[in-house]
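Q: Pasting entry07.txt below, which is compact mmCIF, C-alpha atoms.
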```
# COMPACT_ATOMS: atom_id res chain seq x y z
CA MET A 1 -25.42 -4.38 -18.13
CA TRP A 2 -22.46 -6.61 -17.34
CA ARG A 3 -21.52 -7.04 -21.01
CA GLU A 4 -21.68 -3.28 -21.59
CA LEU A 5 -19.40 -2.48 -18.66
CA LEU A 6 -16.94 -5.35 -19.11
CA PRO A 7 -14.66 -3.78 -21.78
CA VAL A 8 -14.33 -0.38 -20.10
CA GLY A 9 -10.77 0.24 -18.89
CA ARG A 10 -9.61 -3.29 -19.62
CA ASN A 11 -5.91 -3.77 -20.36
CA ARG A 12 -5.32 -6.14 -23.26
CA ASP A 13 -1.97 -7.40 -21.98
CA SER A 14 -2.91 -8.20 -18.38
CA GLY A 15 -6.63 -8.81 -18.79
CA GLY A 16 -7.13 -6.63 -15.72
CA TYR A 17 -8.76 -3.23 -15.29
CA ARG A 18 -7.25 0.23 -14.99
CA ARG A 19 -10.24 2.36 -14.09
CA TYR A 20 -8.49 5.13 -12.16
CA ALA A 21 -10.29 8.15 -10.74
CA TRP A 22 -10.91 11.06 -13.10
CA THR A 23 -9.44 9.35 -16.18
CA GLY A 24 -11.05 8.44 -19.49
CA ALA A 25 -12.00 4.97 -18.25
CA ASP A 26 -13.59 6.53 -15.18
CA ALA A 27 -15.55 8.93 -17.39
CA ASP A 28 -16.82 5.97 -19.43
CA CYS A 29 -17.94 4.21 -16.24
CA ARG A 30 -19.72 7.36 -15.09
CA ALA A 31 -21.45 7.72 -18.46
CA TRP A 32 -22.59 4.10 -18.16
CA PHE A 33 -24.03 4.77 -14.68
CA ARG A 34 -25.92 7.84 -15.89
CA ALA A 35 -27.32 5.92 -18.86
CA GLN A 36 -28.57 3.14 -16.55
CA ALA A 37 -30.24 5.69 -14.28
CA GLU A 38 -31.93 7.58 -17.10
CA ALA A 39 -33.07 4.38 -18.82
CA ARG A 40 -35.03 3.55 -15.65
CA GLY A 41 -36.54 7.00 -15.26
CA LEU A 42 -34.50 7.72 -12.13
CA THR A 43 -33.45 11.20 -11.02
CA TYR A 44 -29.72 11.47 -11.73
CA GLU A 45 -27.33 13.77 -9.87
CA VAL A 46 -23.69 14.21 -8.95
CA ASP A 47 -22.88 15.49 -5.47
CA ARG A 48 -20.26 18.05 -4.49
CA ASN A 49 -17.57 15.34 -4.22
CA GLY A 50 -18.21 13.70 -7.57
CA ASN A 51 -20.23 10.76 -6.24
CA GLN A 52 -23.10 9.69 -8.50
CA TRP A 53 -26.70 9.13 -7.39
CA ALA A 54 -29.79 7.72 -9.08
CA TRP A 55 -33.03 8.34 -7.16
CA LEU A 56 -36.44 6.68 -7.17
CA GLY A 57 -38.71 8.95 -5.15
CA ASP A 58 -38.01 12.32 -3.58
CA PRO A 59 -34.30 12.74 -2.73
CA LEU A 60 -35.24 15.35 -0.11
CA ALA A 61 -37.84 13.24 1.70
CA GLY A 62 -35.36 11.61 4.06
CA ASP A 63 -35.04 8.10 5.51
CA ALA A 64 -33.92 6.83 2.10
CA VAL A 65 -32.60 3.32 1.46
CA VAL A 66 -29.45 3.39 -0.66
CA ALA A 67 -27.63 0.57 -2.42
CA GLY A 68 -24.41 0.83 -4.39
CA SER A 69 -20.65 0.52 -4.45
CA HIS A 70 -17.91 1.82 -6.78
CA LEU A 71 -16.74 1.42 -10.39
CA ASP A 72 -13.03 2.27 -10.17
CA SER A 73 -10.29 -0.36 -9.84
CA VAL A 74 -6.85 -1.10 -8.49
CA PRO A 75 -4.08 -1.45 -11.10
CA ASP A 76 -4.95 -4.51 -13.21
CA GLY A 77 -7.81 -5.39 -10.87
CA GLY A 78 -10.65 -7.80 -11.46
CA ALA A 79 -14.04 -7.16 -13.03
CA PHE A 80 -16.13 -7.77 -9.90
CA ASP A 81 -14.63 -5.65 -7.11
CA GLY A 82 -16.98 -2.68 -6.98
CA PRO A 83 -18.89 -2.99 -10.28
CA LEU A 84 -20.75 -6.11 -9.11
CA GLY A 85 -22.37 -4.01 -6.37
CA VAL A 86 -23.46 -1.26 -8.75
CA VAL A 87 -24.75 -3.62 -11.46
CA SER A 88 -26.56 -5.71 -8.84
CA SER A 89 -28.23 -2.60 -7.41
CA PHE A 90 -29.76 -1.69 -10.77
CA ALA A 91 -30.72 -5.35 -11.31
CA ALA A 92 -32.32 -5.51 -7.86
CA LEU A 93 -34.44 -2.46 -8.69
CA ASP A 94 -35.53 -4.17 -11.92
CA GLU A 95 -36.49 -7.25 -9.88
CA LEU A 96 -38.51 -5.20 -7.42
CA ARG A 97 -40.38 -3.48 -10.24
CA HIS A 98 -41.07 -6.90 -11.74
CA ARG A 99 -42.51 -7.99 -8.39
CA GLY A 100 -44.78 -4.95 -8.45
CA VAL A 101 -43.83 -3.83 -4.94
CA GLU A 102 -44.85 -0.44 -3.58
CA PHE A 103 -42.08 1.75 -2.18
CA VAL A 104 -42.80 3.63 1.02
CA ARG A 105 -39.29 5.11 1.32
CA PRO A 106 -37.09 6.79 -1.31
CA LEU A 107 -34.59 4.44 -2.94
CA ALA A 108 -31.22 5.43 -4.41
CA ILE A 109 -28.34 3.73 -6.19
CA SER A 110 -24.87 5.23 -5.76
CA ASN A 111 -21.41 5.08 -7.29
CA PHE A 112 -18.79 6.45 -4.90
CA GLY A 113 -15.72 7.92 -6.56
CA ASP A 114 -12.11 6.82 -6.12
CA GLU A 115 -12.83 4.00 -3.67
CA GLU A 116 -9.66 2.07 -4.45
CA GLY A 117 -7.28 5.03 -4.18
CA ALA A 118 -5.20 3.71 -7.06
CA ARG A 119 -4.37 7.13 -8.47
CA PHE A 120 -3.90 9.39 -5.44
CA GLY A 121 -2.90 6.83 -2.82
CA LEU A 122 -5.87 7.30 -0.48
CA ALA A 123 -8.78 4.86 -0.50
CA CYS A 124 -12.46 5.88 -0.38
CA VAL A 125 -11.86 9.52 -1.27
CA GLY A 126 -15.47 10.17 -2.36
CA SER A 127 -17.07 8.70 0.75
CA ARG A 128 -14.39 10.12 3.08
CA LEU A 129 -15.06 13.63 1.77
CA ALA A 130 -18.81 13.21 2.11
CA ALA A 131 -18.49 11.89 5.67
CA GLY A 132 -16.04 14.62 6.71
CA GLN A 133 -13.24 12.12 7.28
CA LEU A 134 -11.09 13.88 4.66
CA THR A 135 -10.89 17.66 4.71
CA ALA A 136 -11.00 19.71 1.54
CA GLU A 137 -7.55 21.06 2.38
CA ALA A 138 -6.08 17.57 2.67
CA ALA A 139 -7.84 16.46 -0.51
CA HIS A 140 -6.36 19.40 -2.41
CA ARG A 141 -2.87 18.21 -1.44
CA LEU A 142 -3.35 14.73 -2.93
CA ARG A 143 -1.16 14.10 -6.00
CA ASP A 144 -0.82 11.21 -8.42
CA GLY A 145 2.46 9.71 -9.65
CA ASP A 146 2.75 12.41 -12.32
CA GLY A 147 2.34 15.25 -9.83
CA ILE A 148 -1.22 16.06 -10.89
CA THR A 149 -3.32 17.16 -7.93
CA LEU A 150 -6.81 15.87 -7.24
CA PRO A 151 -8.38 19.30 -8.01
CA GLN A 152 -6.52 19.44 -11.33
CA ALA A 153 -7.73 15.95 -12.25
CA MET A 154 -11.32 16.77 -11.32
CA GLU A 155 -11.25 20.01 -13.26
CA ALA A 156 -9.82 18.28 -16.34
CA ALA A 157 -12.71 15.80 -16.13
CA GLY A 158 -15.26 18.64 -16.07
CA TYR A 159 -16.00 18.83 -12.33
CA ASP A 160 -15.63 21.77 -9.98
CA PRO A 161 -13.09 20.93 -7.24
CA GLY A 162 -14.03 24.08 -5.35
CA THR A 163 -17.14 22.41 -3.95
CA ILE A 164 -15.58 19.34 -2.36
CA GLY A 165 -16.05 18.81 1.35
CA PRO A 166 -18.36 17.34 4.01
CA ASP A 167 -21.92 16.65 2.90
CA PRO A 168 -23.86 16.10 6.16
CA GLU A 169 -27.18 17.28 4.72
CA ARG A 170 -27.14 14.56 2.07
CA LEU A 171 -26.04 11.83 4.46
CA ALA A 172 -28.77 12.88 6.91
CA ARG A 173 -31.36 11.90 4.29
CA ILE A 174 -30.14 8.28 4.28
CA GLY A 175 -31.83 5.83 6.62
CA ALA A 176 -29.81 2.80 5.52
CA PHE A 177 -26.95 2.07 3.10
CA VAL A 178 -26.43 -1.51 1.84
CA GLU A 179 -23.37 -2.38 -0.23
CA LEU A 180 -23.16 -5.66 -2.13
CA HIS A 181 -19.61 -6.81 -2.90
CA VAL A 182 -17.84 -9.85 -4.23
CA GLU A 183 -16.20 -11.68 -1.32
CA GLN A 184 -12.46 -11.08 -1.09
CA GLY A 185 -11.61 -14.49 0.31
CA ARG A 186 -13.01 -18.04 0.32
CA ALA A 187 -15.15 -18.19 3.46
CA LEU A 188 -18.39 -18.61 1.50
CA ASP A 189 -16.83 -21.11 -0.86
CA LEU A 190 -15.80 -23.22 2.12
CA THR A 191 -19.30 -23.12 3.65
CA GLY A 192 -21.09 -23.64 0.34
CA ASP A 193 -23.17 -20.47 0.64
CA PRO A 194 -23.69 -18.13 -2.34
CA VAL A 195 -24.32 -15.05 -0.18
CA GLY A 196 -23.16 -13.82 3.23
CA ILE A 197 -23.60 -10.82 5.52
CA ALA A 198 -20.70 -8.71 6.79
CA SER A 199 -20.16 -8.46 10.53
CA ALA A 200 -17.22 -6.06 10.65
CA ILE A 201 -14.25 -4.61 8.75
CA TRP A 202 -10.84 -5.09 10.29
CA PRO A 203 -8.89 -1.97 11.25
CA HIS A 204 -6.38 -1.18 8.51
CA GLY A 205 -4.04 1.51 7.26
CA ARG A 206 -1.26 2.51 4.89
CA TRP A 207 2.19 3.63 5.95
CA ARG A 208 4.98 5.09 3.79
CA PHE A 209 8.55 4.10 4.62
CA ASP A 210 11.26 6.39 3.16
CA PHE A 211 14.74 4.81 3.23
CA ARG A 212 17.47 7.34 2.31
CA GLY A 213 20.98 6.25 1.52
CA GLU A 214 23.68 7.36 -0.90
CA ALA A 215 23.55 7.06 -4.68
CA ASN A 216 26.70 5.60 -6.19
CA HIS A 217 28.06 3.51 -9.04
CA ALA A 218 26.92 -0.11 -8.91
CA GLY A 219 30.07 -1.37 -10.61
CA THR A 220 32.81 0.54 -8.81
CA THR A 221 31.61 1.00 -5.22
CA ARG A 222 32.89 -1.61 -2.76
CA LEU A 223 30.18 -3.43 -0.83
CA ALA A 224 31.75 -2.23 2.42
CA ASP A 225 31.50 1.42 1.29
CA ARG A 226 27.83 1.35 0.32
CA ARG A 227 24.85 2.97 2.00
CA ASP A 228 22.26 1.02 0.03
CA PRO A 229 18.67 1.67 1.16
CA MET A 230 17.39 -1.23 -0.94
CA LEU A 231 18.95 -3.72 1.48
CA THR A 232 17.23 -2.09 4.46
CA TYR A 233 13.97 -2.05 2.55
CA ALA A 234 14.33 -5.76 1.76
CA GLU A 235 14.99 -6.57 5.43
CA THR A 236 11.86 -4.59 6.33
CA VAL A 237 9.73 -6.55 3.86
CA LEU A 238 10.86 -9.80 5.50
CA ALA A 239 10.20 -8.33 8.95
CA ALA A 240 6.66 -7.43 7.88
CA ARG A 241 5.96 -11.04 6.98
CA ARG A 242 7.34 -12.29 10.30
CA GLU A 243 5.41 -9.77 12.41
CA ALA A 244 2.16 -10.50 10.58
CA GLU A 245 2.52 -14.25 11.02
CA LEU A 246 3.17 -13.87 14.75
CA ALA A 247 0.07 -11.70 15.23
CA GLY A 248 -2.28 -13.61 12.93
CA ALA A 249 -2.62 -10.48 10.81
CA VAL A 250 -1.58 -9.41 7.31
CA ALA A 251 1.10 -6.94 6.20
CA THR A 252 2.11 -6.19 2.63
CA PHE A 253 4.63 -3.98 0.91
CA GLY A 254 2.94 -3.83 -2.48
CA LYS A 255 4.21 -0.56 -3.93
CA ILE A 256 7.74 0.76 -4.27
CA SER A 257 9.44 3.84 -5.72
CA VAL A 258 13.20 4.00 -6.30
CA GLU A 259 15.53 6.92 -7.06
CA PRO A 260 17.43 7.28 -9.31
CA ASN A 261 15.99 3.93 -10.52
CA GLY A 262 18.96 2.94 -12.69
CA VAL A 263 20.14 -0.61 -13.28
CA ASN A 264 23.76 0.38 -12.68
CA ALA A 265 23.09 2.78 -9.80
CA ILE A 266 22.90 2.21 -6.06
CA PRO A 267 19.65 3.90 -4.97
CA SER A 268 19.63 7.11 -2.99
CA LEU A 269 15.99 6.65 -1.97
CA VAL A 270 13.71 3.64 -1.68
CA ARG A 271 10.14 4.48 -0.80
CA GLY A 272 7.87 1.57 0.11
CA TRP A 273 4.20 1.55 1.07
CA LEU A 274 2.97 -0.83 3.76
CA ASP A 275 -0.62 -2.03 3.95
CA SER A 276 -1.47 -3.79 7.20
CA ARG A 277 -4.72 -5.16 8.64
CA ALA A 278 -5.70 -7.17 11.70
CA ALA A 279 -8.78 -8.46 13.47
CA ASP A 280 -8.44 -5.88 16.25
CA GLN A 281 -6.61 -2.65 17.00
CA ALA A 282 -4.17 -4.18 19.48
CA ALA A 283 -2.96 -6.74 16.96
CA LEU A 284 -2.58 -4.09 14.25
CA ASP A 285 -0.59 -1.83 16.57
CA THR A 286 1.67 -4.75 17.48
CA VAL A 287 2.35 -5.56 13.83
CA VAL A 288 3.07 -2.02 12.64
CA THR A 289 5.17 -1.19 15.72
CA GLY A 290 7.20 -4.37 15.21
CA ILE A 291 7.79 -3.60 11.53
CA GLU A 292 8.89 -0.04 12.23
CA ARG A 293 11.17 -1.17 15.05
CA ALA A 294 12.86 -3.72 12.78
CA ALA A 295 13.21 -1.17 9.99
CA ARG A 296 14.88 1.36 12.28
CA GLU A 297 17.27 -1.25 13.67
CA HIS A 298 18.36 -2.31 10.19
CA ALA A 299 18.58 1.31 9.04
CA GLU A 300 20.79 2.32 11.95
CA ARG A 301 23.22 -0.54 11.32
CA ALA A 302 23.45 0.33 7.62
CA GLY A 303 23.70 4.11 7.99
CA ILE A 304 20.33 4.67 6.37
CA ASP A 305 17.97 7.49 7.29
CA LEU A 306 14.35 6.43 7.76
CA ASP A 307 11.09 8.35 7.87
CA VAL A 308 7.74 6.63 8.47
CA VAL A 309 4.48 8.43 7.65
CA ARG A 310 0.98 7.08 8.23
CA GLU A 311 -0.91 8.09 5.09
CA SER A 312 -4.31 6.66 5.96
CA PHE A 313 -6.04 4.73 8.69
CA THR A 314 -9.50 3.25 9.24
CA PRO A 315 -10.43 1.88 12.69
CA VAL A 316 -12.44 -1.30 13.13
CA VAL A 317 -15.97 -0.99 11.75
CA GLU A 318 -18.71 -2.94 13.47
CA PHE A 319 -21.72 -2.71 11.18
CA GLU A 320 -24.83 -1.61 13.04
CA HIS A 321 -26.14 -4.71 14.75
CA ALA A 322 -29.81 -3.82 14.33
CA LEU A 323 -29.50 -3.40 10.56
CA ARG A 324 -27.24 -6.43 10.25
CA ASP A 325 -29.73 -8.54 12.21
CA GLU A 326 -32.59 -7.22 10.07
CA LEU A 327 -30.75 -8.40 6.94
CA GLY A 328 -30.34 -11.80 8.56
CA ARG A 329 -34.04 -11.96 9.38
CA ILE A 330 -35.08 -10.96 5.85
CA LEU A 331 -32.78 -13.43 4.12
CA LYS A 332 -33.49 -16.30 6.50
CA GLY A 333 -37.15 -16.08 5.63
CA ARG A 334 -36.64 -17.47 2.12
CA ASP A 335 -35.63 -21.04 3.09
CA GLY A 336 -35.30 -20.92 6.89
CA ARG A 337 -31.53 -21.40 6.74
CA PRO A 338 -29.46 -18.66 8.39
CA VAL A 339 -27.14 -16.68 6.15
CA PRO A 340 -23.50 -16.80 7.30
CA VAL A 341 -22.09 -13.70 8.96
CA LEU A 342 -18.40 -13.02 8.36
CA GLY A 343 -15.78 -10.37 8.91
CA THR A 344 -13.45 -8.97 6.27
CA GLY A 345 -10.03 -7.42 6.07
CA ALA A 346 -10.97 -5.26 3.07
CA GLY A 347 -12.07 -1.65 3.37
CA HIS A 348 -15.25 -0.36 1.72
CA ASP A 349 -17.31 2.80 1.33
CA ALA A 350 -19.86 1.18 3.65
CA GLY A 351 -17.23 1.16 6.37
CA ILE A 352 -16.49 4.86 5.92
CA LEU A 353 -20.17 5.81 5.86
CA SER A 354 -20.95 3.71 8.94
CA ALA A 355 -19.90 6.59 11.18
CA SER A 356 -22.63 8.75 9.66
CA VAL A 357 -25.47 6.42 8.59
CA PRO A 358 -26.58 2.85 9.38
CA THR A 359 -24.74 0.58 6.94
CA ALA A 360 -24.62 -3.11 6.06
CA MET A 361 -22.93 -5.32 3.50
CA LEU A 362 -23.73 -8.43 1.50
CA PHE A 363 -21.01 -10.66 0.06
CA VAL A 364 -21.29 -12.84 -3.05
CA ARG A 365 -19.23 -16.04 -3.16
CA ASN A 366 -15.86 -15.89 -4.91
CA PRO A 367 -14.75 -19.48 -5.65
CA THR A 368 -11.16 -18.48 -6.42
CA GLY A 369 -10.79 -16.45 -3.23
CA VAL A 370 -8.69 -14.08 -5.35
CA SER A 371 -9.33 -10.34 -5.46
CA HIS A 372 -7.54 -7.28 -6.89
CA SER A 373 -6.55 -9.54 -9.78
CA PRO A 374 -8.01 -10.61 -13.13
CA ALA A 375 -8.58 -14.05 -11.52
CA GLU A 376 -11.30 -12.55 -9.30
CA HIS A 377 -14.55 -14.33 -10.14
CA ALA A 378 -18.15 -15.08 -9.24
CA THR A 379 -20.41 -17.46 -11.14
CA GLU A 380 -23.53 -16.17 -12.87
CA ASP A 381 -25.73 -18.25 -10.57
CA ASP A 382 -24.13 -16.71 -7.48
CA CYS A 383 -24.39 -13.21 -8.96
CA VAL A 384 -28.10 -13.80 -9.55
CA ALA A 385 -28.42 -15.08 -5.98
CA GLY A 386 -26.79 -11.84 -4.85
CA VAL A 387 -29.27 -9.77 -6.84
CA ILE A 388 -32.23 -11.67 -5.38
CA ALA A 389 -30.82 -11.29 -1.86
CA LEU A 390 -30.28 -7.56 -2.37
CA ALA A 391 -33.80 -7.20 -3.81
CA ASP A 392 -35.22 -9.02 -0.80
CA VAL A 393 -33.31 -6.70 1.54
CA LEU A 394 -34.39 -3.55 -0.30
CA GLU A 395 -37.99 -4.76 -0.34
CA GLY A 396 -37.84 -5.42 3.41
CA LEU A 397 -36.35 -2.00 4.11
CA ALA A 398 -37.96 0.31 1.54
CA CYS A 399 -41.30 -1.34 0.83
CA SER A 400 -42.66 -1.98 4.29
```
Please rewrite the model in this file as structure tokens.
A:
Amino acid sequence: MWRELLPVGRNRDSGGYRRYAWTGADADCRAWFRAQAEARGLTYEVDRNGNQWAWLGDPLAGDAVVAGSHLDSVPDGGAFDGPLGVVSSFAALDELRHRGVEFVRPLAISNFGDEEGARFGLACVGSRLAAGQLTAEAAHRLRDGDGITLPQAMEAAGYDPGTIGPDPERLARIGAFVELHVEQGRALDLTGDPVGIASAIWPHGRWRFDFRGEANHAGTTRLADRRDPMLTYAETVLAARREAELAGAVATFGKISVEPNGVNAIPSLVRGWLDSRAADQAALDTVVTGIERAAREHAERAGIDLDVVRESFTPVVEFEHALRDELGRILKGRDGRPVPVLGTGAGHDAGILSASVPTAMLFVRNPTGVSHSPAEHATEDDCVAGVIALADVLEGLACS
């Protein structure tokens, strides 16, 4: 499975992946998922929001156990973020069939669409729509960098955008959702454990900062006469680093758009996107407030107009303690050693769905600690350990 999926959407120059929602690479990933489902005799379906499902047992019976993740990527992302969870879910089902276990609850494997938000700027679109955390009206307004709307992209890919929206009936059939994911950090590498259990997802969000100045000639305009928004943007980037360090949080300006974007032109508009995350809401509020305050102070001194728009936000997610503890009990039983429980600053579909269904997460060790990069990695032994752990969890939840 891994070898089949590995070339899909890979960029030859960077070695990273460009599997953006509703593109050709995304279609290839979806075709791969369907082929895996049908090869195992599973009931395949696509829901109203474009999320894929592969069912063992009656999808309408209720109290189903679901495993899965996503197949899309960030720009030039790694091979493991998302796909490891989907591949491992199919492999875990194969392991359970090899064990000859008897299922007493329906089991499903899922691929949630547009988790990374690389194309339309909003993460977890598929799960947000299903959970009612993104309205159909708001989804219809989403546009990519070329001005193509989400409905246009879905329609071009052969899906009906007129059906998107909350899917409470489907979510009500799920008794537990477990997402396996490569760790996005080095906590497990430092403890020497191949697998861990998630405790919580830090609160996080994305903010757009629009700095508007005055376009002018780069070679003839005196420094004293300039209203250059790039300088204010640069000061804001430095302020973000300072505020994050003070609060023990993280803040990143990782995307920028410039107009008119000429080498010999002073910009009229610099648009930067801030991603910030912290261990608790108070710390996150402190960081973002401090960054915006610094940006406005620099903008006022330089004669720059500034608009700040919060484009997305996810509050802290505490995974259901009962399900989390059950995972710990199941996995401890193999060798008696407790599995480490750790928090994460990365968002996931499991975090979005947690407001609607009991959810939990397993992490597989990433020795590089690098994610959203081609350097992202997990050894084959650790991936196998993740599959066995997921199989044990699914057996404990769906077979007893």
Q: Just give me the gap between CA of Arg173 (chain A) and CA of Pro315 (chain A) in Å, one decimal is fine.
A: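 Separation of CA of Arg173 (chain A) and CA of Pro315 (chain A): 24.7 Å.
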Q: Separation of CA of Val308 (chain A) and CA of Asp285 (chain A), in Å?
A: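 Between CA of Val308 (chain A) and CA of Asp285 (chain A) the gap works out to 14.4 Å.
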Q: To box region 372-381 of chain A, take all atoms listed in the file, fit an axis-aligned box, add 4 Å on each side, and give centre and edge lengths in Å to one decimal, as lines of an AutoDock Vina configuration file.
A:
```
center_x = -16.1
center_y = -12.8
center_z = -10.0
size_x = 27.2
size_y = 19.0
size_z = 14.2
```
Q: Which residue gives the smallest distance to Trp273 (chain A) among A:Gly121, A:Gly345, A:Pro161, A:Gly9, with all atoms listed in the file counted?
A: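 The closest residue to Trp273 (chain A) is A:Gly121.
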Q: Would you list the contacts of Gly185 (chain A) as a list in words, taking every protein, DNA or RNA residue within 10 Å and counting only C-alpha atoms, but skipping same-chain residues closer than 2 positions in sequence?
A: Val182, Glu183, Ala187, Leu188, Asp189, Leu190, Thr344, Gly345, Ala346, Arg365, Asn366, Pro367, Thr368, Gly369, Val370, Ser371 and Glu376 of chain A
Q: What does the distance between CA of Glu395 (chain A) and CA of Glu102 (chain A) come to in Å, to one decimal place?
A: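 Those two atoms sit 8.7 Å apart.
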Q: Using all atoms listed in the file, which protein or nucleic acid residues come within 9 Å of region 352-359 of chain A? Drop anything in the same chain fewer than 3 positions from it, and give the result as an mmCIF file with C-alpha atoms, keeping the file's coordinate frame.
A:
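For reference, result-v3.cif as written:
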```cif
data_model
loop_
_atom_site.group_PDB
_atom_site.id
_atom_site.type_symbol
_atom_site.label_atom_id
_atom_site.label_comp_id
_atom_site.auth_asym_id
_atom_site.auth_seq_id
_atom_site.Cartn_x
_atom_site.Cartn_y
_atom_site.Cartn_z
ATOM 1 C CA CYS A 124 -12.460 5.880 -0.380
ATOM 2 C CA SER A 127 -17.070 8.700 0.750
ATOM 3 C CA ARG A 128 -14.390 10.120 3.080
ATOM 4 C CA ALA A 130 -18.810 13.210 2.110
ATOM 5 C CA ALA A 131 -18.490 11.890 5.670
ATOM 6 C CA GLN A 133 -13.240 12.120 7.280
ATOM 7 C CA PRO A 168 -23.860 16.100 6.160
ATOM 8 C CA LEU A 171 -26.040 11.830 4.460
ATOM 9 C CA ALA A 172 -28.770 12.880 6.910
ATOM 10 C CA ILE A 174 -30.140 8.280 4.280
ATOM 11 C CA GLY A 175 -31.830 5.830 6.620
ATOM 12 C CA ALA A 176 -29.810 2.800 5.520
ATOM 13 C CA PHE A 177 -26.950 2.070 3.100
ATOM 14 C CA VAL A 178 -26.430 -1.510 1.840
ATOM 15 C CA GLU A 179 -23.370 -2.380 -0.230
ATOM 16 C CA THR A 314 -9.500 3.250 9.240
ATOM 17 C CA VAL A 317 -15.970 -0.990 11.750
ATOM 18 C CA GLU A 318 -18.710 -2.940 13.470
ATOM 19 C CA PHE A 319 -21.720 -2.710 11.180
ATOM 20 C CA GLU A 320 -24.830 -1.610 13.040
ATOM 21 C CA ALA A 322 -29.810 -3.820 14.330
ATOM 22 C CA LEU A 323 -29.500 -3.400 10.560
ATOM 23 C CA ARG A 324 -27.240 -6.430 10.250
ATOM 24 C CA GLY A 347 -12.070 -1.650 3.370
ATOM 25 C CA HIS A 348 -15.250 -0.360 1.720
ATOM 26 C CA ASP A 349 -17.310 2.800 1.330
#
```
Q: Could you pull the residues within 9 Å of region 35-40 of chain A, counting only C-alpha atoms, minus those fewer than 6 positions along the same chain, as a ChimeraX atom specification?
A: /A:1,53-55,90,94,109
Q: Could you name the residues that touch Leu122 (chain A) at 9 Å or less, counting all atoms listed in the file, but leaving out those on the same chain fewer than 4 positions away, as a VMD selection string?
A: chain A and resid 114 to 118 142 206 311 to 312
Q: For Tyr17 (chain A), work out the shell of residues within 9 Å, counting all atoms listed in the file and skipping chain neighbours fewer than 6 positions away, then give it as a ChimeraX atom specification.
A: /A:7-11,72-79,373-374
Q: Pick out the closest residue to Arg310 (chain A) from this set: A:Glu292, A:Glu137, A:Glu214, A:Asp13. Count only C-alpha atoms.
A: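 Of A:Glu292, A:Glu137, A:Glu214, A:Asp13, the one nearest Arg310 (chain A), counting only C-alpha atoms, is A:Glu292.
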Q: So, counting only C-alpha atoms, which residue among A:Trp2, A:Trp22, A:Phe313, A:Trp207 is closest to Glu155 (chain A)?
A: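 Of all the options, A:Trp22 lies closest to Glu155 (chain A).
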Q: Within 12 Å of (-8.5, 9.1, -13.8), in the coordinates the file gives, what residues turn up when you count all atoms listed in the file, written out as a PyMOL selection string?
A: chain A and resi 9+18-30+71-75+113-114+116-120+143-146+148-158
Q: Can I get the residues of region 70-154 of chain A within 10 Å of region 386-392 of chain A, each with the closest pair of atoms and their distance in Å to one decimal, using all atoms listed in the file, sorted chain first then ascending number, as a Markdown table?
A:
```
| residue | atom | partner | partner_atom | distance |
| --- | --- | --- | --- | --- |
| A:Leu84 | CA | A:Gly386 | CA | 9.4 |
| A:Gly85 | CA | A:Val387 | CA | 9.0 |
| A:Val87 | CA | A:Val387 | CA | 8.9 |
| A:Ser88 | CA | A:Val387 | CA | 5.3 |
| A:Ser89 | CA | A:Val387 | CA | 7.3 |
| A:Phe90 | CA | A:Val387 | CA | 9.0 |
| A:Ala91 | CA | A:Val387 | CA | 6.5 |
| A:Ala92 | CA | A:Ala391 | CA | 4.6 |
| A:Leu93 | CA | A:Ala391 | CA | 6.8 |
| A:Asp94 | CA | A:Ala391 | CA | 8.8 |
| A:Glu95 | CA | A:Ala391 | CA | 6.6 |
| A:Leu96 | CA | A:Ala391 | CA | 6.3 |
| A:Arg97 | CA | A:Ala391 | CA | 9.9 |
| A:Arg99 | CA | A:Ala391 | CA | 9.9 |
```
Q: Which is closer to Leu331 (chain A) than all the others in A:Pro83, A:Val250, A:Ala385, A:Pro203, using only C-alpha atoms?
A: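 Smallest distance to Leu331 (chain A) is found for A:Ala385.
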Q: So which one's closest to Gly396 (chain A), A:Gly328, A:Gly68, A:Gly50, A:Gly57? Using all atoms listed in the file, please.
A: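 Selected residue with least distance to Gly396 (chain A): A:Gly328.
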